[in-house]
$ cat input.pdb   # PDB, C-alpha atoms, pLDDT in the B column
ATOM      1  CA  MET A  23     -34.800  42.387 -27.751  1.00 28.00           C
ATOM      2  CA  TRP A  24     -35.523  42.933 -24.062  1.00 31.00           C
ATOM      3  CA  VAL A  25     -37.649  40.061 -22.887  1.00 28.00           C
ATOM      4  CA  SER A  26     -36.789  39.236 -19.287  1.00 29.00           C
ATOM      5  CA  TYR A  27     -36.967  42.190 -16.929  1.00 30.00           C
ATOM      6  CA  PRO A  28     -35.882  41.975 -13.294  1.00 33.00           C
ATOM      7  CA  GLU A  29     -38.681  42.641 -10.818  1.00 39.00           C
ATOM      8  CA  PRO A  30     -41.268  43.540 -13.476  1.00 39.00           C
ATOM      9  CA  ARG A  31     -43.937  46.024 -12.548  1.00 41.00           C
ATOM     10  CA  VAL A  32     -47.457  46.372 -13.860  1.00 38.00           C
ATOM     11  CA  LEU A  33     -49.063  49.745 -14.325  1.00 39.00           C
ATOM     12  CA  PRO A  34     -50.933  50.320 -11.077  1.00 35.00           C
ATOM     13  CA  PRO A  35     -54.730  50.375 -11.130  1.00 33.00           C
ATOM     14  CA  SER A  36     -54.557  53.871  -9.643  1.00 31.00           C
ATOM     15  CA  LEU A  37     -53.829  55.226 -13.112  1.00 33.00           C
ATOM     16  CA  PRO A  38     -56.797  57.149 -14.507  1.00 34.00           C
ATOM     17  CA  GLY A  39     -58.505  54.185 -16.130  1.00 34.00           C
ATOM     18  CA  MET A  40     -61.801  54.661 -17.853  1.00 30.00           C
ATOM     19  CA  ALA A  41     -61.896  58.332 -16.927  1.00 32.00           C
ATOM     20  CA  ALA A  42     -58.755  58.882 -18.979  1.00 35.00           C
ATOM     21  CA  ALA A  43     -59.845  56.372 -21.597  1.00 34.00           C
ATOM     22  CA  GLN A  44     -62.881  58.487 -22.348  1.00 30.00           C
ATOM     23  CA  GLY A  45     -60.466  60.766 -24.124  1.00 33.00           C
ATOM     24  CA  HIS A  46     -60.707  64.455 -24.780  1.00 31.00           C
ATOM     25  CA  LEU A  47     -63.381  65.060 -27.359  1.00 29.00           C
ATOM     26  CA  SER A  48     -62.630  67.696 -29.956  1.00 31.00           C
ATOM     27  CA  ASP A  49     -66.256  68.389 -30.763  1.00 31.00           C
ATOM     28  CA  GLY A  50     -68.100  67.516 -27.579  1.00 30.00           C
ATOM     29  CA  PRO A  51     -67.880  67.087 -23.805  1.00 29.00           C
ATOM     30  CA  ASP A  52     -66.179  64.156 -22.098  1.00 34.00           C
ATOM     31  CA  ASP A  53     -68.446  61.327 -20.979  1.00 33.00           C
ATOM     32  CA  ALA A  54     -67.575  60.787 -17.315  1.00 26.00           C
ATOM     33  CA  ASP A  55     -69.149  57.312 -17.294  1.00 33.00           C
ATOM     34  CA  GLY A  56     -67.413  56.164 -20.469  1.00 57.00           C
ATOM     35  CA  GLU A  57     -70.715  55.417 -22.214  1.00 63.00           C
ATOM     36  CA  GLY A  58     -69.793  57.520 -25.239  1.00 79.00           C
ATOM     37  CA  THR A  59     -66.298  56.097 -25.608  1.00 86.00           C
ATOM     38  CA  PRO A  60     -65.745  53.421 -28.279  1.00 90.00           C
ATOM     39  CA  SER A  61     -65.016  50.007 -26.825  1.00 92.00           C
ATOM     40  CA  VAL A  62     -62.036  49.628 -29.167  1.00 92.00           C
ATOM     41  CA  PHE A  63     -60.400  52.692 -27.615  1.00 94.00           C
ATOM     42  CA  ARG A  64     -61.057  51.569 -24.040  1.00 93.00           C
ATOM     43  CA  GLN A  65     -59.484  48.201 -24.876  1.00 93.00           C
ATOM     44  CA  ALA A  66     -56.470  49.939 -26.425  1.00 93.00           C
ATOM     45  CA  VAL A  67     -55.976  51.956 -23.234  1.00 94.00           C
ATOM     46  CA  ALA A  68     -56.366  48.819 -21.119  1.00 93.00           C
ATOM     47  CA  GLY A  69     -53.542  47.293 -23.179  1.00 93.00           C
ATOM     48  CA  LEU A  70     -51.271  50.170 -22.158  1.00 93.00           C
ATOM     49  CA  GLN A  71     -52.128  49.690 -18.509  1.00 89.00           C
ATOM     50  CA  ALA A  72     -51.159  46.006 -18.477  1.00 87.00           C
ATOM     51  CA  VAL A  73     -47.551  46.362 -19.660  1.00 87.00           C
ATOM     52  CA  ARG A  74     -44.694  44.939 -17.587  1.00 85.00           C
ATOM     53  CA  LEU A  75     -41.931  47.491 -17.057  1.00 86.00           C
ATOM     54  CA  ARG A  76     -38.264  47.529 -16.221  1.00 89.00           C
ATOM     55  CA  PRO A  77     -37.759  48.737 -12.631  1.00 91.00           C
ATOM     56  CA  GLU A  78     -35.772  51.743 -13.910  1.00 93.00           C
ATOM     57  CA  ILE A  79     -38.849  53.133 -15.681  1.00 93.00           C
ATOM     58  CA  GLU A  80     -41.259  55.401 -13.837  1.00 94.00           C
ATOM     59  CA  LEU A  81     -44.519  55.669 -15.778  1.00 93.00           C
ATOM     60  CA  ASP A  82     -47.614  57.737 -15.072  1.00 93.00           C
ATOM     61  CA  ALA A  83     -50.707  58.911 -16.891  1.00 94.00           C
ATOM     62  CA  THR A  84     -50.814  62.590 -17.813  1.00 93.00           C
ATOM     63  CA  PRO A  85     -53.491  64.828 -19.370  1.00 93.00           C
ATOM     64  CA  PRO A  86     -53.407  64.329 -23.156  1.00 92.00           C
ATOM     65  CA  PRO A  87     -53.415  67.226 -25.618  1.00 86.00           C
ATOM     66  CA  GLN A  88     -56.797  68.182 -26.971  1.00 82.00           C
ATOM     67  CA  ARG A  89     -57.978  68.652 -30.546  1.00 84.00           C
ATOM     68  CA  LEU A  90     -55.466  66.199 -32.005  1.00 88.00           C
ATOM     69  CA  ALA A  91     -58.099  63.470 -32.265  1.00 93.00           C
ATOM     70  CA  PRO A  92     -61.587  62.730 -30.943  1.00 93.00           C
ATOM     71  CA  TYR A  93     -60.057  60.418 -28.310  1.00 94.00           C
ATOM     72  CA  SER A  94     -56.613  60.522 -26.745  1.00 95.00           C
ATOM     73  CA  TYR A  95     -54.669  59.063 -23.836  1.00 95.00           C
ATOM     74  CA  ALA A  96     -51.169  60.045 -22.706  1.00 96.00           C
ATOM     75  CA  LEU A  97     -48.374  58.592 -20.609  1.00 96.00           C
ATOM     76  CA  GLU A  98     -45.164  60.192 -19.409  1.00 96.00           C
ATOM     77  CA  ALA A  99     -42.100  58.228 -18.375  1.00 95.00           C
ATOM     78  CA  ALA A 100     -38.605  58.710 -17.008  1.00 95.00           C
ATOM     79  CA  VAL A 101     -35.630  56.373 -16.799  1.00 94.00           C
ATOM     80  CA  VAL A 102     -34.258  56.743 -13.265  1.00 93.00           C
ATOM     81  CA  VAL A 103     -31.165  55.023 -11.857  1.00 92.00           C
ATOM     82  CA  ASP A 104     -29.912  55.798  -8.337  1.00 91.00           C
ATOM     83  CA  ASP A 105     -32.221  58.808  -8.216  1.00 90.00           C
ATOM     84  CA  GLU A 106     -30.652  60.136 -11.427  1.00 90.00           C
ATOM     85  CA  GLU A 107     -32.948  60.818 -14.385  1.00 92.00           C
ATOM     86  CA  LEU A 108     -31.240  59.673 -17.585  1.00 91.00           C
ATOM     87  CA  ALA A 109     -34.055  60.154 -20.105  1.00 93.00           C
ATOM     88  CA  ASP A 110     -37.696  61.146 -20.217  1.00 95.00           C
ATOM     89  CA  GLY A 111     -40.518  61.100 -22.690  1.00 96.00           C
ATOM     90  CA  ARG A 112     -44.207  61.205 -23.451  1.00 97.00           C
ATOM     91  CA  LEU A 113     -46.333  58.768 -25.447  1.00 97.00           C
ATOM     92  CA  ILE A 114     -49.790  59.716 -26.729  1.00 97.00           C
ATOM     93  CA  LEU A 115     -52.398  57.345 -28.138  1.00 96.00           C
ATOM     94  CA  LEU A 116     -54.800  58.970 -30.605  1.00 95.00           C
ATOM     95  CA  HIS A 117     -58.013  57.462 -31.970  1.00 94.00           C
ATOM     96  CA  ASP A 118     -60.367  58.706 -34.666  1.00 93.00           C
ATOM     97  CA  PRO A 119     -63.237  56.266 -35.299  1.00 92.00           C
ATOM     98  CA  ALA A 120     -63.740  57.760 -38.763  1.00 89.00           C
ATOM     99  CA  GLY A 121     -60.184  56.919 -39.756  1.00 86.00           C
ATOM    100  CA  HIS A 122     -57.456  59.252 -40.939  1.00 84.00           C
ATOM    101  CA  GLU A 123     -55.924  58.982 -44.400  1.00 88.00           C
ATOM    102  CA  ALA A 124     -52.490  60.185 -43.265  1.00 90.00           C
ATOM    103  CA  TRP A 125     -52.475  57.619 -40.450  1.00 92.00           C
ATOM    104  CA  GLY A 126     -53.526  54.690 -42.601  1.00 88.00           C
ATOM    105  CA  GLY A 127     -55.971  53.640 -39.886  1.00 89.00           C
ATOM    106  CA  THR A 128     -57.929  54.828 -36.859  1.00 92.00           C
ATOM    107  CA  PHE A 129     -55.050  54.877 -34.340  1.00 95.00           C
ATOM    108  CA  ARG A 130     -51.846  56.877 -34.124  1.00 96.00           C
ATOM    109  CA  LEU A 131     -49.016  56.947 -31.578  1.00 97.00           C
ATOM    110  CA  VAL A 132     -47.083  60.180 -31.008  1.00 97.00           C
ATOM    111  CA  THR A 133     -43.962  60.534 -28.895  1.00 97.00           C
ATOM    112  CA  LEU A 134     -41.433  63.043 -27.616  1.00 95.00           C
ATOM    113  CA  VAL A 135     -38.222  61.718 -26.005  1.00 96.00           C
ATOM    114  CA  HIS A 136     -35.361  63.673 -24.387  1.00 91.00           C
ATOM    115  CA  ALA A 137     -31.920  62.731 -23.062  1.00 90.00           C
ATOM    116  CA  GLU A 138     -28.690  64.508 -22.150  1.00 85.00           C
ATOM    117  CA  LEU A 139     -25.577  63.478 -24.077  1.00 79.00           C
ATOM    118  CA  GLU A 140     -21.857  63.806 -23.721  1.00 72.00           C
ATOM    119  CA  PRO A 141     -20.668  66.622 -26.049  1.00 67.00           C
ATOM    120  CA  GLU A 142     -18.351  64.276 -27.960  1.00 69.00           C
ATOM    121  CA  MET A 143     -21.236  61.889 -28.598  1.00 71.00           C
ATOM    122  CA  ALA A 144     -23.439  64.722 -29.806  1.00 68.00           C
ATOM    123  CA  ALA A 145     -20.748  65.720 -32.309  1.00 72.00           C
ATOM    124  CA  ASP A 146     -21.116  62.414 -34.160  1.00 77.00           C
ATOM    125  CA  PRO A 147     -22.576  63.312 -37.584  1.00 80.00           C
ATOM    126  CA  LEU A 148     -24.410  59.973 -37.749  1.00 85.00           C
ATOM    127  CA  LEU A 149     -26.151  60.440 -34.391  1.00 83.00           C
ATOM    128  CA  PRO A 150     -29.552  61.520 -35.833  1.00 88.00           C
ATOM    129  CA  GLU A 151     -29.705  58.472 -38.099  1.00 92.00           C
ATOM    130  CA  VAL A 152     -28.657  56.199 -35.233  1.00 89.00           C
ATOM    131  CA  CYS A 153     -31.315  57.628 -32.906  1.00 90.00           C
ATOM    132  CA  TRP A 154     -34.036  57.181 -35.522  1.00 94.00           C
ATOM    133  CA  SER A 155     -32.905  53.600 -36.091  1.00 94.00           C
ATOM    134  CA  TRP A 156     -33.328  52.986 -32.344  1.00 92.00           C
ATOM    135  CA  LEU A 157     -37.031  53.784 -32.654  1.00 94.00           C
ATOM    136  CA  THR A 158     -37.673  51.648 -35.721  1.00 95.00           C
ATOM    137  CA  GLY A 159     -35.362  48.945 -34.390  1.00 94.00           C
ATOM    138  CA  ALA A 160     -37.234  48.803 -31.068  1.00 94.00           C
ATOM    139  CA  LEU A 161     -40.533  48.274 -32.897  1.00 94.00           C
ATOM    140  CA  GLU A 162     -39.039  45.646 -35.176  1.00 94.00           C
ATOM    141  CA  ALA A 163     -37.289  43.838 -32.312  1.00 94.00           C
ATOM    142  CA  ARG A 164     -40.655  43.523 -30.587  1.00 92.00           C
ATOM    143  CA  ARG A 165     -42.157  42.359 -33.905  1.00 91.00           C
ATOM    144  CA  VAL A 166     -44.680  45.173 -33.715  1.00 91.00           C
ATOM    145  CA  PRO A 167     -46.230  45.945 -37.135  1.00 92.00           C
ATOM    146  CA  TYR A 168     -46.470  49.647 -37.898  1.00 95.00           C
ATOM    147  CA  VAL A 169     -46.996  51.969 -40.858  1.00 94.00           C
ATOM    148  CA  ALA A 170     -46.455  55.610 -41.843  1.00 94.00           C
ATOM    149  CA  PRO A 171     -43.597  56.478 -39.456  1.00 96.00           C
ATOM    150  CA  SER A 172     -42.419  60.085 -39.439  1.00 95.00           C
ATOM    151  CA  GLY A 173     -40.432  62.311 -37.153  1.00 95.00           C
ATOM    152  CA  THR A 174     -37.389  64.412 -36.388  1.00 93.00           C
ATOM    153  CA  VAL A 175     -34.200  64.020 -34.364  1.00 92.00           C
ATOM    154  CA  THR A 176     -32.810  67.254 -32.928  1.00 88.00           C
ATOM    155  CA  ARG A 177     -29.650  67.895 -30.931  1.00 81.00           C
ATOM    156  CA  ALA A 178     -29.117  71.177 -29.134  1.00 79.00           C
ATOM    157  CA  GLY A 179     -25.971  72.328 -27.328  1.00 71.00           C
ATOM    158  CA  SER A 180     -25.847  74.812 -24.471  1.00 73.00           C
ATOM    159  CA  HIS A 181     -22.847  76.885 -23.359  1.00 70.00           C
ATOM    160  CA  TYR A 182     -23.042  78.865 -20.136  1.00 73.00           C
ATOM    161  CA  PHE A 183     -21.775  82.378 -19.445  1.00 80.00           C
ATOM    162  CA  GLY A 184     -21.751  84.991 -16.693  1.00 72.00           C
ATOM    163  CA  GLY A 185     -23.134  83.658 -13.459  1.00 76.00           C
ATOM    164  CA  LEU A 186     -23.553  80.232 -15.065  1.00 78.00           C
ATOM    165  CA  ARG A 187     -20.057  79.974 -16.482  1.00 76.00           C
ATOM    166  CA  GLU A 188     -19.069  77.266 -13.975  1.00 80.00           C
ATOM    167  CA  ARG A 189     -21.453  74.824 -15.635  1.00 76.00           C
ATOM    168  CA  GLU A 190     -20.067  72.435 -18.200  1.00 74.00           C
ATOM    169  CA  PRO A 191     -21.463  72.608 -21.725  1.00 70.00           C
ATOM    170  CA  SER A 192     -24.416  70.283 -22.235  1.00 72.00           C
ATOM    171  CA  THR A 193     -26.064  68.698 -25.244  1.00 78.00           C
ATOM    172  CA  ARG A 194     -29.603  67.377 -25.412  1.00 84.00           C
ATOM    173  CA  ILE A 195     -31.078  64.976 -27.954  1.00 88.00           C
ATOM    174  CA  GLU A 196     -34.766  65.104 -28.796  1.00 92.00           C
ATOM    175  CA  ILE A 197     -36.801  62.612 -30.792  1.00 95.00           C
ATOM    176  CA  ARG A 198     -40.248  63.608 -32.041  1.00 96.00           C
ATOM    177  CA  ALA A 199     -42.009  60.839 -33.895  1.00 97.00           C
ATOM    178  CA  SER A 200     -45.335  59.279 -34.770  1.00 97.00           C
ATOM    179  CA  TRP A 201     -46.442  55.994 -36.303  1.00 97.00           C
ATOM    180  CA  SER A 202     -49.589  53.945 -36.757  1.00 96.00           C
ATOM    181  CA  PRO A 203     -50.230  50.407 -35.516  1.00 92.00           C
ATOM    182  CA  ALA A 204     -50.490  48.330 -38.670  1.00 83.00           C
ATOM    183  CA  PRO A 205     -53.824  46.556 -39.225  1.00 58.00           C
ATOM    184  CA  SER A 206     -53.765  42.801 -38.927  1.00 50.00           C
ATOM    185  CA  PRO A 207     -53.946  40.707 -42.121  1.00 50.00           C
ATOM    186  CA  GLY A 208     -57.451  40.616 -43.534  1.00 45.00           C
ATOM    187  CA  THR A 209     -58.482  44.052 -42.256  1.00 44.00           C
ATOM    188  CA  ARG A 210     -59.503  47.068 -44.251  1.00 45.00           C
ATOM    189  CA  PRO A 211     -57.731  50.448 -43.959  1.00 43.00           C
ATOM    190  CA  GLY A 212     -59.134  52.338 -41.034  1.00 40.00           C
ATOM    191  CA  GLY A 213     -58.842  49.420 -38.650  1.00 42.00           C
ATOM    192  CA  GLN A 214     -62.167  47.783 -39.549  1.00 42.00           C
ATOM    193  CA  ALA A 215     -62.361  44.018 -39.994  1.00 40.00           C
ATOM    194  CA  GLY A 216     -63.024  42.792 -43.504  1.00 38.00           C
ATOM    195  CA  ALA A 217     -66.258  41.010 -42.671  1.00 39.00           C
ATOM    196  CA  ARG A 218     -69.383  43.167 -42.593  1.00 41.00           C
ATOM    197  CA  GLY A 219     -70.542  43.926 -39.075  1.00 42.00           C
ATOM    198  CA  ALA A 220     -67.290  42.751 -37.475  1.00 46.00           C
ATOM    199  CA  GLU A 221     -65.862  44.669 -34.550  1.00 60.00           C
ATOM    200  CA  PRO A 222     -63.066  47.238 -35.110  1.00 69.00           C
ATOM    201  CA  VAL A 223     -59.559  45.861 -34.654  1.00 83.00           C
ATOM    202  CA  VAL A 224     -57.851  46.656 -31.347  1.00 89.00           C
ATOM    203  CA  PRO A 225     -54.130  47.378 -31.824  1.00 91.00           C
ATOM    204  CA  ASP A 226     -51.573  45.687 -29.574  1.00 93.00           C
ATOM    205  CA  THR A 227     -50.841  48.902 -27.701  1.00 94.00           C
ATOM    206  CA  GLY A 228     -48.995  47.029 -24.965  1.00 94.00           C
ATOM    207  CA  ALA A 229     -46.354  45.840 -27.437  1.00 93.00           C
ATOM    208  CA  HIS A 230     -45.971  49.368 -28.803  1.00 95.00           C
ATOM    209  CA  LEU A 231     -45.505  50.742 -25.287  1.00 95.00           C
ATOM    210  CA  ALA A 232     -42.928  48.046 -24.498  1.00 94.00           C
ATOM    211  CA  ALA A 233     -40.976  48.978 -27.636  1.00 95.00           C
ATOM    212  CA  TRP A 234     -41.162  52.644 -26.683  1.00 96.00           C
ATOM    213  CA  CYS A 235     -39.775  51.844 -23.230  1.00 95.00           C
ATOM    214  CA  ASP A 236     -36.945  49.959 -24.951  1.00 94.00           C
ATOM    215  CA  LEU A 237     -36.168  53.155 -26.864  1.00 94.00           C
ATOM    216  CA  LEU A 238     -36.157  55.199 -23.650  1.00 94.00           C
ATOM    217  CA  CYS A 239     -33.730  52.825 -21.960  1.00 92.00           C
ATOM    218  CA  GLN A 240     -31.503  52.669 -25.008  1.00 90.00           C
ATOM    219  CA  ILE A 241     -31.210  56.437 -25.344  1.00 89.00           C
ATOM    220  CA  ALA A 242     -30.547  56.582 -21.589  1.00 89.00           C
ATOM    221  CA  GLY A 243     -27.525  54.342 -22.092  1.00 86.00           C
ATOM    222  CA  LEU A 244     -28.840  51.303 -20.229  1.00 87.00           C
ATOM    223  CA  PRO A 245     -27.903  47.801 -21.401  1.00 82.00           C
ATOM    224  CA  PRO A 246     -30.724  45.663 -22.763  1.00 75.00           C
ATOM    225  CA  GLY A 247     -32.637  43.753 -20.111  1.00 63.00           C
ATOM    226  CA  GLY A 248     -31.625  40.144 -19.713  1.00 39.00           C
ATOM    227  CA  GLY A 249     -27.996  40.726 -20.700  1.00 36.00           C
ATOM    228  CA  PRO A 250     -26.052  42.083 -23.676  1.00 33.00           C
ATOM    229  CA  GLU A 251     -27.307  41.506 -27.191  1.00 36.00           C
ATOM    230  CA  ALA A 252     -25.389  41.648 -30.413  1.00 28.00           C
ATOM    231  CA  GLY A 253     -26.298  44.491 -32.738  1.00 34.00           C
ATOM    232  CA  ILE A 254     -27.465  46.807 -29.934  1.00 36.00           C
ATOM    233  CA  VAL A 255     -25.711  50.161 -29.686  1.00 37.00           C
ATOM    234  CA  THR A 256     -26.259  52.284 -26.585  1.00 39.00           C
ATOM    235  CA  LEU A 257     -25.012  55.647 -25.446  1.00 40.00           C
ATOM    236  CA  PRO A 258     -22.523  55.697 -22.563  1.00 39.00           C
ATOM    237  CA  GLN A 259     -23.727  56.693 -19.109  1.00 38.00           C
ATOM    238  CA  ARG A 260     -24.088  60.435 -18.586  1.00 41.00           C
ATOM    239  CA  ARG A 261     -21.090  62.181 -17.061  1.00 37.00           C
ATOM    240  CA  GLY A 262     -22.852  64.267 -14.430  1.00 41.00           C
ATOM    241  CA  PRO A 263     -25.841  63.502 -12.208  1.00 40.00           C
ATOM    242  CA  HIS A 264     -29.260  64.963 -12.990  1.00 45.00           C
ATOM    243  CA  PRO A 265     -31.018  64.613  -9.629  1.00 44.00           C
ATOM    244  CA  ARG A 266     -34.792  64.585  -9.596  1.00 52.00           C
TER     245      ARG A 266
END
$ encode --input "input.pdb" --output "structure tokens"
Amino acid sequence: MWVSYPEPRVLPPSLPGMAAAQGHLSDGPDDADGEGTPSVFRQAVAGLQAVRLRPEIELDATPPPQRLAPYSYALEAAVVVDDEELADGRLILLHDPAGHEAWGGTFRLVTLVHAELEPEMAADPLLPEVCWSWLTGALEARRVPYVAPSGTVTRAGSHYFGGLREREPSTRIEIRASWSPAPSPGTRPGGQAGARGAEPVVPDTGAHLAAWCDLLCQIAGLPPGGGPEAGIVTLPQRRGPHPR
């Protein structure tokens, strides 16, 4: 588990804060002042903005997709070492105050992660299972409760011909996944507290983001922060540079 990061960074306040936290409403206009945005969602977004990051991770807010949920917030990240991008991804926070049966609650996290691999690594028949275990393992290492995980792991190889024949073959791994923050003990499905009139439960979005960043660094081939750990398997460094 990555706990101690060198030179930790905090998401800068310049990120679209409440403007982004207002979400993209599926059935109505955005509220520029945030007055129509549930407090639970604004707090969940604030949790994302307070996460400490490894210095190799570049993280920015990005426009979220619309019509996936009444409220959404998105981040995009890249793992960059010596101006070389080793992996990239996008994390989207969805919120439906009415709850969603398939989610098992009112919040859902959706991600897409990419990385280039060595061809021999991509040929490993167990690679998809290993990559999926990196996601679930990152959440479990952070002790982040979650439910209803689902997703796909895809590897695609490219061979170049004609004017591109000088390029070496490349292989790209892609992880598409989603999961729901598990409700705390004593809460009802849908994220509502058991007591009547209690406030909706705010998920620990910061811990989920930290686990997701662990996944990005692992698929990029970086060692865990704070030194090696037993039981952690990482990909080797990429052979060729991918300048930004």
$ residues_around --input "input.pdb" --residues "A:Ala170" --least-positions-apart "5" --cutoff "7 Å" --atoms "all atoms listed in the file" --output "list in words"
Trp125, Trp201 and Ser202 of chain A
$ resolve_selection --input "input.pdb" --expression "the PyMOL selection byres ((chain A and resi 102-104) around 9)" --output "ChimeraX atom specification"
/A:77-80,100-101,105-110,265-266
$ atom_distance --input "input.pdb" --atom1 "atom CA of A:Gly179" --atom2 "atom CA of A:Pro147"
14.1 Å
$ axis_aligned_box --input "input.pdb" --around "stretch 174-187 of chain A" --padding-each-side "5 Å" --output "lines of an AutoDock Vina configuration file"
center_x = -28.7
center_y = 74.5
center_z = -24.9
size_x = 27.3
size_y = 31.0
size_z = 32.9
$ residues_around --input "input.pdb" --residues "stretch 190-200 of chain A" --least-positions-apart "3" --cutoff "8 Å" --atoms "only C-alpha atoms" --output "list in words"
Arg130, Leu131, Val132, Thr133, Leu134, Val135, His136, Ala137, Glu138, Leu139, Glu140, Pro141, Ala144, Cys153, Trp154, Pro171, Ser172, Gly173, Thr174, Val175, Thr176, Arg177, Ala178, Gly179, Ser180, His181, Tyr182 and Arg187 of chain A
$ write_last_selection --input "input.pdb" --atoms "C-alpha atoms" --output "PDB file, in the frame of the given file"
ATOM      1  CA  ARG A 130     -51.846  56.877 -34.124  1.00 96.00           C
ATOM      2  CA  LEU A 131     -49.016  56.947 -31.578  1.00 97.00           C
ATOM      3  CA  VAL A 132     -47.083  60.180 -31.008  1.00 97.00           C
ATOM      4  CA  THR A 133     -43.962  60.534 -28.895  1.00 97.00           C
ATOM      5  CA  LEU A 134     -41.433  63.043 -27.616  1.00 95.00           C
ATOM      6  CA  VAL A 135     -38.222  61.718 -26.005  1.00 96.00           C
ATOM      7  CA  HIS A 136     -35.361  63.673 -24.387  1.00 91.00           C
ATOM      8  CA  ALA A 137     -31.920  62.731 -23.062  1.00 90.00           C
ATOM      9  CA  GLU A 138     -28.690  64.508 -22.150  1.00 85.00           C
ATOM     10  CA  LEU A 139     -25.577  63.478 -24.077  1.00 79.00           C
ATOM     11  CA  GLU A 140     -21.857  63.806 -23.721  1.00 72.00           C
ATOM     12  CA  PRO A 141     -20.668  66.622 -26.049  1.00 67.00           C
ATOM     13  CA  ALA A 144     -23.439  64.722 -29.806  1.00 68.00           C
ATOM     14  CA  CYS A 153     -31.315  57.628 -32.906  1.00 90.00           C
ATOM     15  CA  TRP A 154     -34.036  57.181 -35.522  1.00 94.00           C
ATOM     16  CA  PRO A 171     -43.597  56.478 -39.456  1.00 96.00           C
ATOM     17  CA  SER A 172     -42.419  60.085 -39.439  1.00 95.00           C
ATOM     18  CA  GLY A 173     -40.432  62.311 -37.153  1.00 95.00           C
ATOM     19  CA  THR A 174     -37.389  64.412 -36.388  1.00 93.00           C
ATOM     20  CA  VAL A 175     -34.200  64.020 -34.364  1.00 92.00           C
ATOM     21  CA  THR A 176     -32.810  67.254 -32.928  1.00 88.00           C
ATOM     22  CA  ARG A 177     -29.650  67.895 -30.931  1.00 81.00           C
ATOM     23  CA  ALA A 178     -29.117  71.177 -29.134  1.00 79.00           C
ATOM     24  CA  GLY A 179     -25.971  72.328 -27.328  1.00 71.00           C
ATOM     25  CA  SER A 180     -25.847  74.812 -24.471  1.00 73.00           C
ATOM     26  CA  HIS A 181     -22.847  76.885 -23.359  1.00 70.00           C
ATOM     27  CA  TYR A 182     -23.042  78.865 -20.136  1.00 73.00           C
ATOM     28  CA  ARG A 187     -20.057  79.974 -16.482  1.00 76.00           C
TER      29      ARG A 187
END
$ atom_distance --input "input.pdb" --atom1 "atom CA of A:Val224" --atom2 "atom CA of A:Ser61"
9.1 Å
$ closest_residue --input "input.pdb" --among "A:Leu157, A:Val169, A:Leu186, A:Ala96" --to "A:Val67" --atoms "all atoms listed in the file"
A:Ala96
$ closest_residue --input "input.pdb" --among "A:Ala204, A:Leu161, A:Val223, A:Ala83" --to "A:Ala66" --atoms "only C-alpha atoms"
A:Val223
$ closest_residue --input "input.pdb" --among "A:Glu151, A:Leu238, A:Tyr95, A:Phe129" --to "A:Leu70" --atoms "all atoms listed in the file"
A:Tyr95
$ atom_distance --input "input.pdb" --atom1 "atom CA of A:Ile241" --atom2 "atom CA of A:Arg112"
14.0 Å
$ closest_residue --input "input.pdb" --among "A:Ala145, A:Val73, A:Thr59, A:Gly111" --to "A:Ala242" --atoms "only C-alpha atoms"
A:Gly111
$ closest_residue --input "input.pdb" --among "A:Pro246, A:Pro92, A:Pro225, A:Gly121" --to "A:Arg76" --atoms "only C-alpha atoms"
A:Pro246
$ residues_around --input "input.pdb" --residues "A:Ala163" --least-positions-apart "3" --cutoff "10 Å" --atoms "only C-alpha atoms" --output "CSV table (one decimal) with C-alpha atoms, keeping the file's coordinate frame"
chain,number,residue,atom,x,y,z
A,23,MET,CA,-34.8,42.4,-27.8
A,24,TRP,CA,-35.5,42.9,-24.1
A,156,TRP,CA,-33.3,53.0,-32.3
A,157,LEU,CA,-37.0,53.8,-32.7
A,158,THR,CA,-37.7,51.6,-35.7
A,159,GLY,CA,-35.4,48.9,-34.4
A,160,ALA,CA,-37.2,48.8,-31.1
A,166,VAL,CA,-44.7,45.2,-33.7
A,233,ALA,CA,-41.0,49.0,-27.6
A,236,ASP,CA,-36.9,50.0,-25.0
$ residues_around --input "input.pdb" --residues "A:Leu97" --least-positions-apart "6" --cutoff "9 Å" --atoms "all atoms listed in the file" --output "ChimeraX atom specification"
/A:81-86,111-115
$ residues_around --input "input.pdb" --residues "stretch 118-120 of chain A" --least-positions-apart "5" --cutoff "8 Å" --atoms "all atoms listed in the file" --output "list in words"
Pro60, Ala91, Pro92, Tyr93, Thr128, Phe129 and Gly212 of chain A
